[in-house]
file run.csv (CSV, C-alpha atoms)
chain,number,residue,atom,x,y,z
A,13,HIS,CA,54.9,125.4,101.5
A,14,ASN,CA,58.5,126.2,101.8
A,15,HIS,CA,59.9,123.9,104.4
A,16,ARG,CA,63.3,125.0,105.5
A,17,ILE,CA,65.6,122.2,106.1
A,18,PRO,CA,68.0,122.9,108.9
A,19,LEU,CA,71.7,122.6,108.1
A,20,ILE,CA,73.2,119.6,109.7
A,21,ASP,CA,76.9,119.2,110.6
A,22,MET,CA,77.6,116.0,108.7
A,23,ALA,CA,80.8,115.5,110.6
A,24,GLU,CA,78.7,114.3,113.5
A,25,PHE,CA,77.4,111.5,111.2
A,26,VAL,CA,80.8,110.2,110.0
A,27,PRO,CA,81.2,106.8,111.6
A,28,GLN,CA,84.3,106.6,113.8
A,29,GLN,CA,84.4,102.8,114.3
A,30,LEU,CA,85.4,100.0,111.9
A,31,SER,CA,82.5,98.3,110.2
A,32,ASP,CA,81.7,94.6,111.0
A,33,GLU,CA,83.0,93.7,107.5
A,34,SER,CA,86.3,95.4,108.3
A,35,ARG,CA,86.6,93.6,111.6
A,36,GLY,CA,86.3,90.1,110.1
A,37,GLN,CA,83.9,87.6,108.5
A,38,GLU,CA,81.2,85.3,109.7
A,39,GLY,CA,81.9,85.9,113.4
A,40,GLU,CA,85.6,85.5,113.1
A,41,VAL,CA,87.2,88.8,114.1
A,42,ILE,CA,90.7,89.4,112.8
A,43,ARG,CA,91.1,93.1,113.8
A,44,ASP,CA,89.2,94.5,116.8
A,45,TYR,CA,90.5,98.0,116.6
A,46,VAL,CA,88.6,100.6,118.6
A,47,PRO,CA,89.8,104.2,117.9
A,48,MET,CA,90.1,106.9,120.4
A,49,GLU,CA,87.2,109.4,120.7
A,50,GLY,CA,87.3,112.0,118.0
A,51,VAL,CA,90.0,110.3,115.9
A,52,PRO,CA,91.0,112.3,112.8
A,53,TRP,CA,91.1,109.5,110.2
A,54,ARG,CA,93.8,110.2,107.5
A,55,TYR,CA,91.2,110.1,104.7
A,56,GLY,CA,88.2,111.5,106.7
A,57,SER,CA,86.5,108.2,107.6
A,58,PRO,CA,87.5,104.7,108.9
A,59,PRO,CA,89.2,102.4,106.4
A,60,ASN,CA,87.2,99.7,104.8
A,61,TYR,CA,88.9,96.3,104.9
A,62,SER,CA,86.2,94.3,103.0
A,63,VAL,CA,88.3,93.7,99.9
A,64,VAL,CA,91.5,92.7,101.7
A,65,ASN,CA,89.5,90.6,104.2
A,66,LYS,CA,88.0,88.6,101.3
A,67,ALA,CA,91.5,88.0,99.9
A,68,TYR,CA,92.7,87.1,103.4
A,69,PHE,CA,90.0,84.5,104.1
A,70,GLU,CA,90.3,83.0,100.6
A,71,GLY,CA,94.1,82.8,100.6
A,72,ARG,CA,95.3,82.3,104.2
A,73,SER,CA,97.5,79.3,104.9
A,74,LYS,CA,96.8,79.1,108.6
A,75,ILE,CA,93.6,79.2,110.7
A,76,HIS,CA,94.5,80.2,114.2
A,77,SER,CA,92.1,79.3,117.0
A,78,ALA,CA,90.6,82.2,118.9
A,79,GLY,CA,92.8,83.2,121.9
A,80,SER,CA,95.9,81.4,120.7
A,81,LEU,CA,99.2,83.3,120.8
A,82,GLU,CA,99.2,83.4,117.0
A,83,ALA,CA,95.7,84.9,116.8
A,84,VAL,CA,96.5,87.5,119.5
A,85,VAL,CA,99.7,88.6,117.7
A,86,GLN,CA,98.0,88.7,114.4
A,87,ASN,CA,95.3,90.9,115.8
A,88,ILE,CA,97.8,93.3,117.4
A,89,VAL,CA,99.7,93.7,114.1
A,90,LYS,CA,96.4,94.2,112.1
A,91,ASN,CA,95.4,96.8,114.6
A,92,TRP,CA,98.9,98.4,114.3
A,93,GLU,CA,98.3,98.5,110.5
A,94,VAL,CA,95.1,100.4,111.0
A,95,GLU,CA,96.9,103.2,112.9
A,96,SER,CA,100.1,103.3,110.9
A,97,HIS,CA,98.2,103.5,107.6
A,98,HIS,CA,95.1,105.4,108.5
A,99,ILE,CA,95.8,107.8,111.4
A,100,ALA,CA,98.3,110.5,110.8
A,101,ASP,CA,98.3,112.1,114.2
A,102,THR,CA,100.4,109.9,116.6
A,103,ALA,CA,98.6,111.4,119.6
A,104,TYR,CA,95.7,109.0,118.6
A,105,TRP,CA,97.9,105.9,118.4
A,106,LYS,CA,97.1,103.2,121.0
A,107,THR,CA,98.9,100.1,119.6
A,108,MET,CA,102.3,101.7,120.1
A,109,LYS,CA,104.1,103.3,123.0
A,110,VAL,CA,104.5,106.4,120.9
A,111,ASP,CA,107.3,108.2,122.9
A,112,GLU,CA,109.5,105.1,122.9
A,113,PHE,CA,108.5,103.4,119.6
A,114,VAL,CA,111.2,102.5,117.1
A,115,ALA,CA,111.1,100.3,114.0
A,116,VAL,CA,113.9,98.9,111.9
A,117,SER,CA,113.6,97.0,108.6
A,118,ASN,CA,116.3,94.6,107.5
A,119,ASN,CA,118.9,96.5,109.6
A,120,MET,CA,118.6,99.4,107.2
A,121,ARG,CA,119.7,102.9,108.1
A,122,CYS,CA,118.5,104.5,111.4
A,123,PRO,CA,115.5,103.3,113.3
A,124,PHE,CA,112.2,105.1,112.6
A,125,SER,CA,110.4,106.9,115.4
A,126,ALA,CA,106.6,106.9,115.5
A,127,LYS,CA,106.5,110.5,114.1
A,128,GLN,CA,108.9,109.5,111.2
A,129,MET,CA,106.8,106.5,110.4
A,130,ALA,CA,103.6,108.6,110.4
A,131,GLU,CA,105.2,111.0,107.9
A,132,VAL,CA,106.7,108.5,105.4
A,133,GLY,CA,104.3,105.6,105.9
A,134,PRO,CA,105.1,101.9,106.4
A,135,TYR,CA,105.9,101.0,102.8
A,136,ASN,CA,108.7,103.6,102.6
A,137,MET,CA,110.0,102.6,106.1
A,138,LEU,CA,110.0,98.9,105.1
A,139,LEU,CA,111.4,99.1,101.6
A,140,GLY,CA,114.0,101.9,101.7
A,141,LYS,CA,116.1,102.6,98.6
A,142,HIS,CA,116.4,100.1,95.8
A,143,ASP,CA,117.0,100.1,92.1
A,144,LEU,CA,113.4,99.5,91.5
A,145,TYR,CA,111.9,101.4,94.4
A,146,ASN,CA,113.1,104.6,96.0
A,147,ALA,CA,111.6,105.5,99.3
A,148,GLU,CA,113.4,108.8,99.3
A,149,GLN,CA,111.3,110.1,96.4
A,150,GLU,CA,108.0,108.7,97.5
A,151,THR,CA,105.6,110.3,99.9
A,152,TYR,CA,103.1,108.5,102.2
A,153,ASP,CA,100.4,108.9,99.5
A,154,THR,CA,102.4,108.1,96.4
A,155,ALA,CA,103.7,104.9,98.0
A,156,ASN,CA,100.2,103.9,99.0
A,157,ASP,CA,99.0,104.5,95.5
A,158,ILE,CA,101.7,102.4,93.9
A,159,PHE,CA,100.8,99.3,96.0
A,160,LYS,CA,97.0,99.9,95.9
A,161,THR,CA,97.4,99.9,92.1
A,162,CYS,CA,99.5,96.7,92.0
A,163,PHE,CA,97.3,94.8,94.4
A,164,SER,CA,93.8,96.1,93.7
A,165,GLU,CA,92.3,92.9,95.1
A,166,GLY,CA,94.2,93.4,98.4
A,167,PHE,CA,97.6,92.5,99.8
A,168,PRO,CA,96.6,90.5,102.9
A,169,TRP,CA,98.9,89.5,105.8
A,170,GLU,CA,99.0,86.6,108.2
A,171,VAL,CA,101.0,85.3,111.1
A,172,LEU,CA,102.5,81.9,110.4
A,173,GLU,CA,104.1,80.9,113.7
A,174,VAL,CA,104.9,82.6,117.0
A,175,HIS,CA,108.2,81.4,118.5
A,176,SER,CA,108.1,83.4,121.8
A,177,GLY,CA,105.5,85.2,123.7
A,178,PRO,CA,105.6,88.7,125.4
A,179,PRO,CA,107.5,90.7,126.2
A,180,THR,CA,109.8,89.8,123.2
A,181,VAL,CA,107.5,88.4,120.6
A,182,SER,CA,109.3,86.6,117.7
A,183,PHE,CA,107.1,85.4,114.8
A,184,THR,CA,107.1,84.5,111.1
A,185,TRP,CA,104.6,86.0,108.7
A,186,ARG,CA,103.4,86.0,105.1
A,187,HIS,CA,102.1,88.8,102.8
A,188,TRP,CA,100.5,87.8,99.5
A,189,GLY,CA,98.5,89.3,96.7
A,190,LYS,CA,97.6,88.9,93.0
A,191,MET,CA,99.4,91.5,90.9
A,192,THR,CA,96.4,92.9,89.1
A,193,GLY,CA,97.7,96.4,88.3
A,194,GLU,CA,100.8,98.0,86.9
A,195,TYR,CA,103.9,98.9,89.0
A,196,ARG,CA,105.6,102.2,88.6
A,197,GLY,CA,109.4,102.2,89.1
A,198,PRO,CA,111.3,105.2,90.5
A,199,ASP,CA,112.4,106.4,87.0
A,200,GLY,CA,108.8,106.4,85.7
A,201,THR,CA,109.1,103.0,84.0
A,202,ILE,CA,105.7,101.2,84.0
A,203,TYR,CA,105.8,97.4,84.6
A,204,PRO,CA,102.6,95.7,83.5
A,205,PRO,CA,100.7,93.4,85.8
A,206,THR,CA,101.8,89.7,85.7
A,207,GLY,CA,98.5,88.4,87.1
A,208,GLU,CA,100.7,86.2,89.4
A,209,THR,CA,100.2,85.9,93.1
A,210,ILE,CA,103.3,87.4,94.7
A,211,GLU,CA,104.2,86.1,98.1
A,212,LEU,CA,106.5,87.7,100.7
A,213,TYR,CA,107.7,85.8,103.7
A,214,GLY,CA,109.5,87.3,106.7
A,215,ASN,CA,110.0,87.3,110.4
A,216,CYS,CA,109.6,89.9,113.1
A,217,VAL,CA,110.8,90.6,116.6
A,218,ALA,CA,108.4,92.9,118.5
A,219,ARG,CA,109.0,94.2,122.0
A,220,VAL,CA,105.8,94.9,123.8
A,221,THR,CA,104.6,96.2,127.2
A,222,SER,CA,102.5,94.3,129.7
A,223,GLU,CA,99.5,96.0,128.1
A,224,LEU,CA,100.7,94.6,124.7
A,225,GLN,CA,101.6,98.1,123.3
A,226,ILE,CA,104.4,97.8,120.7
A,227,VAL,CA,107.7,99.5,121.9
A,228,ALA,CA,110.0,98.2,119.1
A,229,LEU,CA,109.7,96.4,115.8
A,230,GLU,CA,112.5,94.6,113.9
A,231,LEU,CA,111.4,93.2,110.5
A,232,PHE,CA,113.4,90.9,108.2
A,233,PHE,CA,112.4,89.9,104.7
A,234,ASP,CA,113.8,89.7,101.2
A,235,ARG,CA,112.8,93.0,99.8
A,236,HIS,CA,115.0,92.5,96.6
A,237,ASP,CA,113.0,89.4,95.6
A,238,PHE,CA,109.7,91.1,96.3
A,239,ILE,CA,110.5,94.3,94.3
A,240,LYS,CA,111.9,92.2,91.4
A,241,LYS,CA,108.7,90.2,91.2
A,242,LEU,CA,106.8,93.5,90.7
A,243,ALA,CA,109.0,94.3,87.7
A,244,ALA,CA,108.8,90.8,86.2
A,245,GLY,CA,106.4,91.8,83.4
A,246,GLY,CA,109.2,93.8,81.7
A,247,GLY,CA,109.2,97.6,81.8
A,248,LYS,CA,108.0,100.0,79.1

call {"tool": "encode", "arguments": {"input": "run.csv", "output": "C-alpha coordinates"}}
result
Amino acid sequence: HNHRIPLIDMAEFVPQQLSDESRGQEGEVIRDYVPMEGVPWRYGSPPNYSVVNKAYFEGRSKIHSAGSLEAVVQNIVKNWEVESHHIADTAYWKTMKVDEFVAVSNNMRCPFSAKQMAEVGPYNMLLGKHDLYNAEQETYDTANDIFKTCFSEGFPWEVLEVHSGPPTVSFTWRHWGKMTGEYRGPDGTIYPPTGETIELYGNCVARVTSELQIVALELFFDRHDFIKKLAAGGGK
(Lines of atoms letter the chains of each structure in order from A and count residues from 1; the text may use other names and numbers.)
(Lines give C-alpha, C1' and ligand atoms only; values in the text may rest on other atoms or scores of the structure.)
Protein backbone atom coordinates (compact mmCIF):
# COMPACT_ATOMS: atom_id res chain seq x y z
CA HIS A 1 0.00 0.00 0.00
CA ASN A 2 1.39 3.36 -0.96
CA HIS A 3 0.12 5.79 1.61
CA ARG A 4 0.65 9.31 0.40
CA ILE A 5 1.76 11.59 3.18
CA PRO A 6 0.33 15.07 2.75
CA LEU A 7 2.89 17.84 2.67
CA ILE A 8 2.68 19.92 5.81
CA ASP A 9 3.81 23.52 6.08
CA MET A 10 6.27 23.16 8.95
CA ALA A 11 6.25 26.92 9.51
CA GLU A 12 2.90 26.43 11.23
CA PHE A 13 4.62 24.19 13.77
CA VAL A 14 7.49 26.50 14.69
CA PRO A 15 6.82 27.63 18.26
CA GLN A 16 6.47 31.39 18.61
CA GLN A 17 6.67 31.59 22.39
CA LEU A 18 9.61 31.31 24.77
CA SER A 19 9.84 27.90 26.44
CA ASP A 20 9.36 27.52 30.19
CA GLU A 21 13.12 26.87 30.60
CA SER A 22 13.80 30.16 28.80
CA ARG A 23 11.40 32.05 31.04
CA GLY A 24 13.02 30.96 34.30
CA GLN A 25 13.59 28.09 36.66
CA GLU A 26 11.52 26.25 39.28
CA GLY A 27 8.63 28.68 39.11
CA GLU A 28 10.78 31.82 39.28
CA VAL A 29 10.16 33.74 36.04
CA ILE A 30 12.95 36.16 35.11
CA ARG A 31 11.74 37.05 31.59
CA ASP A 32 8.06 36.88 30.69
CA TYR A 33 8.36 38.03 27.09
CA VAL A 34 5.33 37.34 24.91
CA PRO A 35 6.00 38.11 21.23
CA MET A 36 3.54 39.66 18.81
CA GLU A 37 1.56 37.31 16.59
CA GLY A 38 3.59 36.13 13.59
CA VAL A 39 6.91 37.45 14.91
CA PRO A 40 9.79 36.84 12.46
CA TRP A 41 12.51 35.56 14.81
CA ARG A 42 15.98 36.58 13.60
CA TYR A 43 17.14 32.97 13.51
CA GLY A 44 13.84 31.34 12.60
CA SER A 45 12.66 30.29 16.06
CA PRO A 46 12.56 31.70 19.59
CA PRO A 47 15.89 31.92 21.45
CA ASN A 48 16.64 29.30 24.06
CA TYR A 49 17.90 30.79 27.33
CA SER A 50 18.44 27.51 29.22
CA VAL A 51 22.26 27.81 29.24
CA VAL A 52 22.40 31.45 30.31
CA ASN A 53 19.60 30.89 32.86
CA LYS A 54 21.62 28.09 34.47
CA ALA A 55 24.60 30.47 34.75
CA TYR A 56 22.32 33.23 36.06
CA PHE A 57 20.77 31.16 38.85
CA GLU A 58 24.16 29.73 39.86
CA GLY A 59 26.03 33.03 39.79
CA ARG A 60 23.63 35.80 40.74
CA SER A 61 24.54 37.98 43.70
CA LYS A 62 21.00 39.23 44.39
CA ILE A 63 17.67 37.49 44.75
CA HIS A 64 14.89 40.01 44.16
CA SER A 65 11.48 39.30 45.62
CA ALA A 66 8.68 38.96 43.07
CA GLY A 67 7.00 42.30 42.34
CA SER A 68 9.86 44.37 43.79
CA LEU A 69 11.07 47.33 41.70
CA GLU A 70 14.35 45.46 41.13
CA ALA A 71 12.53 42.36 39.82
CA VAL A 72 10.30 44.48 37.56
CA VAL A 73 13.23 46.44 36.09
CA GLN A 74 15.28 43.27 35.59
CA ASN A 75 12.38 41.62 33.75
CA ILE A 76 11.93 44.68 31.50
CA VAL A 77 15.62 44.65 30.54
CA LYS A 78 15.67 40.88 29.97
CA ASN A 79 12.61 41.26 27.72
CA TRP A 80 14.35 44.14 25.91
CA GLU A 81 17.31 41.84 25.35
CA VAL A 82 15.03 39.25 23.69
CA GLU A 83 13.90 41.84 21.16
CA SER A 84 17.18 43.65 20.59
CA HIS A 85 19.07 40.40 20.01
CA HIS A 86 16.49 38.13 18.45
CA ILE A 87 13.97 40.19 16.47
CA ALA A 88 15.41 42.16 13.55
CA ASP A 89 12.18 43.86 12.45
CA THR A 90 11.49 46.80 14.77
CA ALA A 91 7.80 46.69 13.78
CA TYR A 92 7.61 43.71 16.15
CA TRP A 93 9.29 45.43 19.09
CA LYS A 94 7.06 45.97 22.14
CA THR A 95 9.54 46.78 24.93
CA MET A 96 10.56 50.08 23.26
CA LYS A 97 8.68 53.08 21.95
CA VAL A 98 10.30 52.47 18.57
CA ASP A 99 9.68 55.84 16.87
CA GLU A 100 11.22 57.75 19.82
CA PHE A 101 13.77 55.28 21.14
CA VAL A 102 17.41 56.37 21.56
CA ALA A 103 20.32 54.64 23.30
CA VAL A 104 23.68 56.09 24.32
CA SER A 105 26.63 54.16 25.71
CA ASN A 106 29.29 55.93 27.80
CA ASN A 107 28.44 59.25 26.12
CA MET A 108 29.95 57.88 22.90
CA ARG A 109 29.18 59.31 19.51
CA CYS A 110 25.59 59.88 18.44
CA PRO A 111 22.61 58.22 20.08
CA PHE A 112 21.40 55.04 18.37
CA SER A 113 17.84 54.82 17.07
CA ALA A 114 15.86 51.58 17.23
CA LYS A 115 16.56 50.92 13.55
CA GLN A 116 20.32 51.50 13.96
CA MET A 117 20.45 49.21 16.99
CA ALA A 118 18.55 46.50 15.09
CA GLU A 119 21.13 46.71 12.31
CA VAL A 120 24.38 46.73 14.31
CA GLY A 121 23.23 44.88 17.44
CA PRO A 122 23.65 45.73 21.13
CA TYR A 123 27.32 44.63 21.39
CA ASN A 124 28.46 47.06 18.70
CA MET A 125 26.26 49.82 20.11
CA LEU A 126 27.65 49.35 23.62
CA LEU A 127 31.35 48.80 22.89
CA GLY A 128 32.07 51.16 19.99
CA LYS A 129 35.64 51.49 18.72
CA HIS A 130 38.59 50.36 20.84
CA ASP A 131 42.13 49.04 20.23
CA LEU A 132 40.93 45.53 21.00
CA TYR A 133 37.39 45.75 19.57
CA ASN A 134 36.16 47.66 16.54
CA ALA A 135 32.40 47.95 16.22
CA GLU A 136 32.83 49.59 12.83
CA GLN A 137 34.16 46.39 11.28
CA GLU A 138 31.81 43.95 13.04
CA THR A 139 28.31 43.12 11.87
CA TYR A 140 25.43 42.07 14.09
CA ASP A 141 26.29 38.40 13.45
CA THR A 142 30.09 38.59 13.77
CA ALA A 143 29.81 40.48 17.07
CA ASN A 144 27.37 37.89 18.38
CA ASP A 145 29.73 35.08 17.35
CA ILE A 146 32.70 36.69 19.13
CA PHE A 147 30.90 36.82 22.47
CA LYS A 148 29.10 33.47 22.12
CA THR A 149 32.54 31.92 21.56
CA CYS A 150 34.10 33.69 24.58
CA PHE A 151 31.22 32.94 26.91
CA SER A 152 29.97 29.55 25.73
CA GLU A 153 28.43 28.90 29.17
CA GLY A 154 26.47 32.14 29.00
CA PHE A 155 27.02 35.79 29.91
CA PRO A 156 24.18 36.47 32.35
CA TRP A 157 23.02 39.85 33.58
CA GLU A 158 21.37 41.03 36.78
CA VAL A 159 20.01 44.21 38.32
CA LEU A 160 21.80 45.10 41.55
CA GLU A 161 19.93 48.13 42.94
CA VAL A 162 17.24 50.45 41.59
CA HIS A 163 17.73 54.02 42.80
CA SER A 164 14.63 55.62 41.28
CA GLY A 165 11.42 54.28 39.84
CA PRO A 166 9.52 55.26 36.65
CA PRO A 167 9.46 57.41 34.62
CA THR A 168 13.24 57.89 34.99
CA VAL A 169 14.63 54.59 36.23
CA SER A 170 18.20 54.67 37.53
CA PHE A 171 19.82 51.37 38.44
CA THR A 172 23.10 49.50 38.80
CA TRP A 173 23.79 46.18 37.11
CA ARG A 174 26.28 43.34 36.75
CA HIS A 175 27.21 41.15 33.77
CA TRP A 176 29.42 38.10 34.33
CA GLY A 177 30.62 34.99 32.58
CA LYS A 178 33.41 32.44 32.54
CA MET A 179 35.77 32.96 29.60
CA THR A 180 35.62 29.44 28.17
CA GLY A 181 36.46 30.25 24.54
CA GLU A 182 38.93 32.35 22.57
CA TYR A 183 38.52 36.05 21.81
CA ARG A 184 39.23 37.40 18.33
CA GLY A 185 40.64 40.92 18.20
CA PRO A 186 39.97 43.37 15.34
CA ASP A 187 43.32 42.61 13.65
CA GLY A 188 42.62 38.87 13.71
CA THR A 189 44.75 38.18 16.78
CA ILE A 190 43.39 35.24 18.76
CA TYR A 191 43.44 35.53 22.55
CA PRO A 192 43.08 32.13 24.27
CA PRO A 193 40.48 31.60 27.02
CA THR A 194 41.64 32.41 30.53
CA GLY A 195 38.99 30.30 32.27
CA GLU A 196 38.42 33.26 34.60
CA THR A 197 35.02 34.67 35.45
CA ILE A 198 34.90 38.15 33.94
CA GLU A 199 32.65 40.63 35.69
CA LEU A 200 31.33 43.90 34.30
CA TYR A 201 29.57 46.42 36.52
CA GLY A 202 27.68 49.45 35.30
CA ASN A 203 24.76 51.74 35.73
CA CYS A 204 21.86 52.74 33.54
CA VAL A 205 19.30 55.51 33.33
CA ALA A 206 16.19 54.45 31.42
CA ARG A 207 13.28 56.71 30.56
CA VAL A 208 10.04 54.76 30.29
CA THR A 209 6.40 55.48 29.47
CA SER A 210 3.49 54.84 31.85
CA GLU A 211 3.17 51.43 30.13
CA LEU A 212 6.88 50.82 30.95
CA GLN A 213 8.01 50.97 27.31
CA ILE A 214 11.61 52.16 27.04
CA VAL A 215 12.00 55.57 25.41
CA ALA A 216 15.70 56.18 26.13
CA LEU A 217 18.65 54.27 27.55
CA GLU A 218 21.90 55.73 28.87
CA LEU A 219 24.48 53.13 29.88
CA PHE A 220 27.73 53.65 31.72
CA PHE A 221 30.45 51.04 32.35
CA ASP A 222 34.21 50.57 32.00
CA ARG A 223 34.47 49.05 28.52
CA HIS A 224 38.30 49.35 28.49
CA ASP A 225 38.64 47.13 31.55
CA PHE A 226 36.16 44.61 30.15
CA ILE A 227 37.82 44.32 26.73
CA LYS A 228 41.32 44.15 28.25
CA LYS A 229 40.24 41.16 30.37
CA LEU A 230 39.22 39.33 27.20
CA ALA A 231 42.78 39.75 25.90
CA ALA A 232 44.48 38.86 29.19
CA GLY A 233 45.57 35.43 27.93
CA GLY A 234 48.06 37.02 25.53
CA GLY A 235 47.50 37.13 21.77
CA LYS A 236 48.88 34.83 19.12

call {"tool": "atom_distance", "arguments": {"input": "run.csv", "atom1": "atom CA of A:Lys127", "atom2": "atom CA of A:Arg186"}}
result
26.3 Å

call {"tool": "closest_residue", "arguments": {"input": "run.csv", "among": "A:Pro134, A:Gly56, A:Gly200, A:Gly71", "to": "A:Gly166", "atoms": "all atoms listed in the file"}}
result
A:Gly71

call {"tool": "closest_residue", "arguments": {"input": "run.csv", "among": "A:Asp234, A:Glu211, A:Asp153, A:Glu40", "to": "A:Ala100", "atoms": "all atoms listed in the file"}}
result
A:Asp153

call {"tool": "residues_near_point", "arguments": {"input": "run.csv", "point": "(99.3, 87.8, 103.3)", "cutoff": "9 Å", "atoms": "all atoms listed in the file", "output": "ChimeraX atom specification"}}
result
/A:67-68,71-73,167-171,185-189,211-213

call {"tool": "closest_residue", "arguments": {"input": "run.csv", "among": "A:Val63, A:Leu229, A:Tyr104, A:Ser176", "to": "A:Ser164", "atoms": "all atoms listed in the file"}}
result
A:Val63

call {"tool": "atom_distance", "arguments": {"input": "run.csv", "atom1": "atom CA of A:Arg35", "atom2": "atom CA of A:Trp53"}}
result
16.6 Å

call {"tool": "atom_distance", "arguments": {"input": "run.csv", "atom1": "atom CA of A:Ile88", "atom2": "atom CA of A:Leu242"}}
result
28.2 Å

call {"tool": "closest_residue", "arguments": {"input": "run.csv", "among": "A:Arg43, A:Val85, A:Glu93, A:Ile239", "to": "A:Asn65", "atoms": "all atoms listed in the file"}}
result
A:Arg43

call {"tool": "closest_residue", "arguments": {"input": "run.csv", "among": "A:Cys162, A:Val94, A:Leu81, A:Val116", "to": "A:Tyr195", "atoms": "only C-alpha atoms"}}
result
A:Cys162
